[in-house]
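Raw contents of query34.csv, CSV, C-alpha atoms:
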chain,number,residue,atom,x,y,z
A,39,GLN,CA,-68.3,-9.9,-80.8
A,40,VAL,CA,-65.0,-10.5,-79.1
A,41,GLN,CA,-63.7,-8.0,-76.6
A,42,LEU,CA,-60.4,-7.9,-74.8
A,43,VAL,CA,-59.9,-5.9,-71.6
A,44,GLU,CA,-56.5,-5.4,-70.1
A,45,SER,CA,-55.6,-4.4,-66.5
A,46,GLY,CA,-52.7,-4.4,-64.2
A,47,GLY,CA,-50.6,-1.7,-65.7
A,48,GLY,CA,-49.1,1.1,-63.5
A,49,SER,CA,-45.9,2.8,-62.4
A,50,VAL,CA,-43.0,0.9,-60.8
A,51,GLN,CA,-39.4,1.4,-60.1
A,52,ALA,CA,-36.7,-0.5,-62.0
A,53,GLY,CA,-36.4,-4.0,-60.7
A,54,GLY,CA,-40.0,-4.2,-59.7
A,55,SER,CA,-42.8,-6.4,-61.0
A,56,LEU,CA,-46.2,-6.1,-62.5
A,57,ARG,CA,-48.8,-8.6,-63.6
A,58,LEU,CA,-50.9,-7.7,-66.6
A,59,SER,CA,-54.3,-9.5,-67.1
A,60,CYS,CA,-56.5,-9.7,-70.2
A,61,VAL,CA,-60.0,-11.0,-70.1
A,62,ALA,CA,-61.6,-12.1,-73.4
A,63,THR,CA,-65.3,-12.2,-73.9
A,64,GLY,CA,-67.2,-13.6,-76.8
A,65,TYR,CA,-66.9,-16.8,-78.8
A,66,THR,CA,-63.7,-18.6,-77.8
A,67,ILE,CA,-63.8,-20.5,-81.0
A,68,ASN,CA,-62.6,-17.3,-82.7
A,69,TRP,CA,-59.1,-17.5,-81.3
A,70,ASN,CA,-56.4,-20.0,-80.4
A,71,CYS,CA,-53.4,-17.7,-80.1
A,72,MET,CA,-53.0,-14.8,-77.7
A,73,GLY,CA,-50.3,-12.3,-77.4
A,74,TRP,CA,-49.0,-9.3,-75.6
A,75,PHE,CA,-47.6,-6.4,-77.6
A,76,ARG,CA,-46.2,-3.0,-76.6
A,77,GLN,CA,-45.6,0.3,-78.2
A,78,ALA,CA,-43.5,3.1,-76.7
A,79,PRO,CA,-43.8,6.7,-77.9
A,80,GLY,CA,-42.1,7.1,-81.3
A,81,LYS,CA,-41.5,3.4,-81.7
A,82,GLU,CA,-43.2,0.7,-83.7
A,83,ARG,CA,-45.4,-1.8,-82.0
A,84,GLU,CA,-43.5,-5.0,-81.0
A,85,GLY,CA,-44.6,-8.5,-80.0
A,86,VAL,CA,-43.6,-9.2,-76.5
A,87,ALA,CA,-45.0,-12.7,-75.8
A,88,ARG,CA,-47.3,-15.1,-77.4
A,89,ILE,CA,-49.1,-18.3,-76.4
A,90,TYR,CA,-50.6,-20.9,-78.7
A,91,ILE,CA,-53.4,-22.5,-76.8
A,92,PRO,CA,-53.3,-25.9,-78.4
A,93,GLY,CA,-50.3,-27.3,-76.6
A,94,GLY,CA,-49.5,-24.2,-74.6
A,95,PHE,CA,-46.5,-23.2,-76.7
A,96,THR,CA,-45.0,-19.8,-75.7
A,97,ASN,CA,-42.6,-17.4,-77.4
A,98,TYR,CA,-40.9,-14.2,-76.2
A,99,THR,CA,-39.0,-11.4,-77.8
A,100,ASP,CA,-35.3,-11.6,-76.8
A,101,SER,CA,-35.3,-8.5,-74.6
A,102,VAL,CA,-37.8,-10.0,-72.1
A,103,LYS,CA,-36.7,-13.6,-72.1
A,104,GLY,CA,-36.1,-14.8,-68.5
A,105,ARG,CA,-38.0,-11.8,-67.1
A,106,PHE,CA,-41.6,-12.1,-68.5
A,107,THR,CA,-43.9,-15.1,-68.4
A,108,ILE,CA,-47.1,-15.4,-70.4
A,109,SER,CA,-49.8,-17.8,-69.2
A,110,GLN,CA,-53.5,-18.4,-69.8
A,111,ASP,CA,-56.5,-19.7,-68.0
A,112,ASP,CA,-59.0,-21.4,-70.2
A,113,ALA,CA,-61.7,-21.4,-67.6
A,114,LYS,CA,-61.5,-17.6,-67.2
A,115,ASN,CA,-60.8,-16.9,-70.9
A,116,SER,CA,-57.8,-14.9,-69.6
A,117,VAL,CA,-54.2,-14.4,-70.5
A,118,TYR,CA,-51.6,-13.0,-68.2
A,119,LEU,CA,-48.2,-11.4,-68.5
A,120,GLN,CA,-46.0,-11.6,-65.4
A,121,MET,CA,-43.3,-9.0,-65.7
A,122,ASN,CA,-40.3,-9.2,-63.3
A,123,SER,CA,-37.0,-7.3,-63.1
A,124,LEU,CA,-38.6,-4.4,-65.0
A,125,LYS,CA,-36.4,-1.9,-66.8
A,126,PRO,CA,-37.0,1.6,-67.9
A,127,GLU,CA,-36.9,0.4,-71.5
A,128,ASP,CA,-40.0,-1.7,-70.8
A,129,THR,CA,-42.0,1.5,-70.5
A,130,ALA,CA,-44.8,1.4,-73.1
A,131,MET,CA,-48.5,0.9,-73.7
A,132,TYR,CA,-49.2,-2.9,-73.5
A,133,TYR,CA,-51.9,-4.5,-75.6
A,134,CYS,CA,-53.5,-7.9,-75.5
A,135,ALA,CA,-54.4,-9.5,-78.8
A,136,ALA,CA,-56.1,-12.7,-79.9
A,137,GLY,CA,-56.4,-14.5,-83.2
A,138,TYR,CA,-56.9,-17.8,-84.9
A,139,TYR,CA,-54.1,-19.5,-86.6
A,140,VAL,CA,-53.7,-22.9,-88.1
A,141,SER,CA,-50.1,-23.3,-86.8
A,142,TRP,CA,-47.8,-22.2,-84.0
A,143,GLY,CA,-45.6,-20.7,-86.6
A,144,GLN,CA,-48.3,-18.4,-87.9
A,145,CYS,CA,-49.1,-17.4,-84.3
A,146,ILE,CA,-45.5,-16.4,-83.7
A,147,ALA,CA,-45.1,-14.5,-86.9
A,148,SER,CA,-48.3,-12.5,-87.0
A,149,MET,CA,-48.5,-8.8,-86.1
A,150,THR,CA,-52.1,-8.5,-87.4
A,151,PHE,CA,-54.2,-10.3,-84.8
A,152,ALA,CA,-57.9,-10.1,-85.3
A,153,TYR,CA,-58.8,-8.8,-81.9
A,154,TRP,CA,-57.1,-6.1,-79.8
A,155,GLY,CA,-57.6,-4.6,-76.4
A,156,GLN,CA,-57.4,-0.9,-75.6
A,157,GLY,CA,-54.1,-1.1,-73.8
A,158,THR,CA,-52.7,-0.6,-70.3
A,159,GLN,CA,-49.8,1.7,-69.6
A,160,VAL,CA,-46.6,0.4,-67.9
A,161,THR,CA,-44.1,3.0,-66.7
A,162,VAL,CA,-40.8,2.0,-65.2
A,163,SER,CA,-38.7,4.6,-63.6
A,164,SER,CA,-35.0,4.4,-62.9
Using structure tokens, write down the structure from this file.
Amino acid sequence: QVQLVESGGGSVQAGGSLRLSCVATGYTINWNCMGWFRQAPGKEREGVARIYIPGGFTNYTDSVKGRFTISQDDAKNSVYLQMNSLKPEDTAMYYCAAGYYVSWGQCIASMTFAYWGQGTQVTVSS
């Protein structure tokens, strides 16, 4: 059984920073792609950042490019999201997700990862 547990959310003023962490437990063979997604009230869930573990390829949605950085630590089975220069529009529930895909392209495109965390709230005030 794979479990993902997020932490690091909170409230911050615009321009501030937060670092989200996601620890995965279970059989690591079950995933090679991890991502961060977010969902604001009344909006659809969107993919924020993804990392394909074979090769360390990363991908970001346009609105966070240059501000957010996704990274992973194999030894700790963890993935992180460093969020800088936060804006009020970044306010959302952030979810960590993991899945197994045969290609980087599939990792980028998927919105239906096999494993999801419970989410951590990020609130950015102006």
Item to check | Counting only C-alpha atoms, the residue of A:Leu124, A:Ala130, A:Val61, A:Leu56 that sits nearest A:Arg83 | outcome: A:Ala130
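Comparing the minimum interatomic distances between A:Tyr98 and each of A:Ala62, A:Ala113, A:Ala136, A:Ala147, counting all atoms listed in the file, we find that A:Ala147 sits nearest.
With distances taken over all atoms listed in the file, A:Ser116 is the one residue among A:Ser164, A:Gly64, A:Ser116, A:Phe106 lying closest to A:Ser45.
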Checklist entry - Pick the closest to A:Cys134 from A:Val117, A:Ile91, A:Ala52, A:Val160: which is it, counting only C-alpha atoms? => result A:Val117
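Distance-wise, atom CA of A:Pro126 and atom CA of A:Ser148 end up 26.3 Å apart.
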Item to check | Interatomic distance, atom CA of A:Gly155 to atom CA of A:Tyr133 (Å, one decimal) | outcome: 5.8 Å
Checklist entry - For A:Ser123, which residue among A:Asn70, A:Gln144, A:Ser55, A:Ser49 is the nearest when counting all atoms listed in the file? => result A:Ser55
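Distances to A:Ala87 were evaluated for A:Trp69, A:Ser109, A:Val43, A:Arg57 using only C-alpha atoms, and the minimum falls at A:Ser109.
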Checklist entry - Near A:Thr63, counting only C-alpha atoms, which residues have an atom at most 10 Å away, once you skip same-chain residues fewer than 3 positions from it, shown as JSON, numbers by chain? => result {"A": [39, 40, 41, 42, 43, 60, 66, 114, 115, 116]}
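The interatomic distance for the pair atom CA of A:Phe95 and atom CA of A:Gly73 works out to 11.6 Å.
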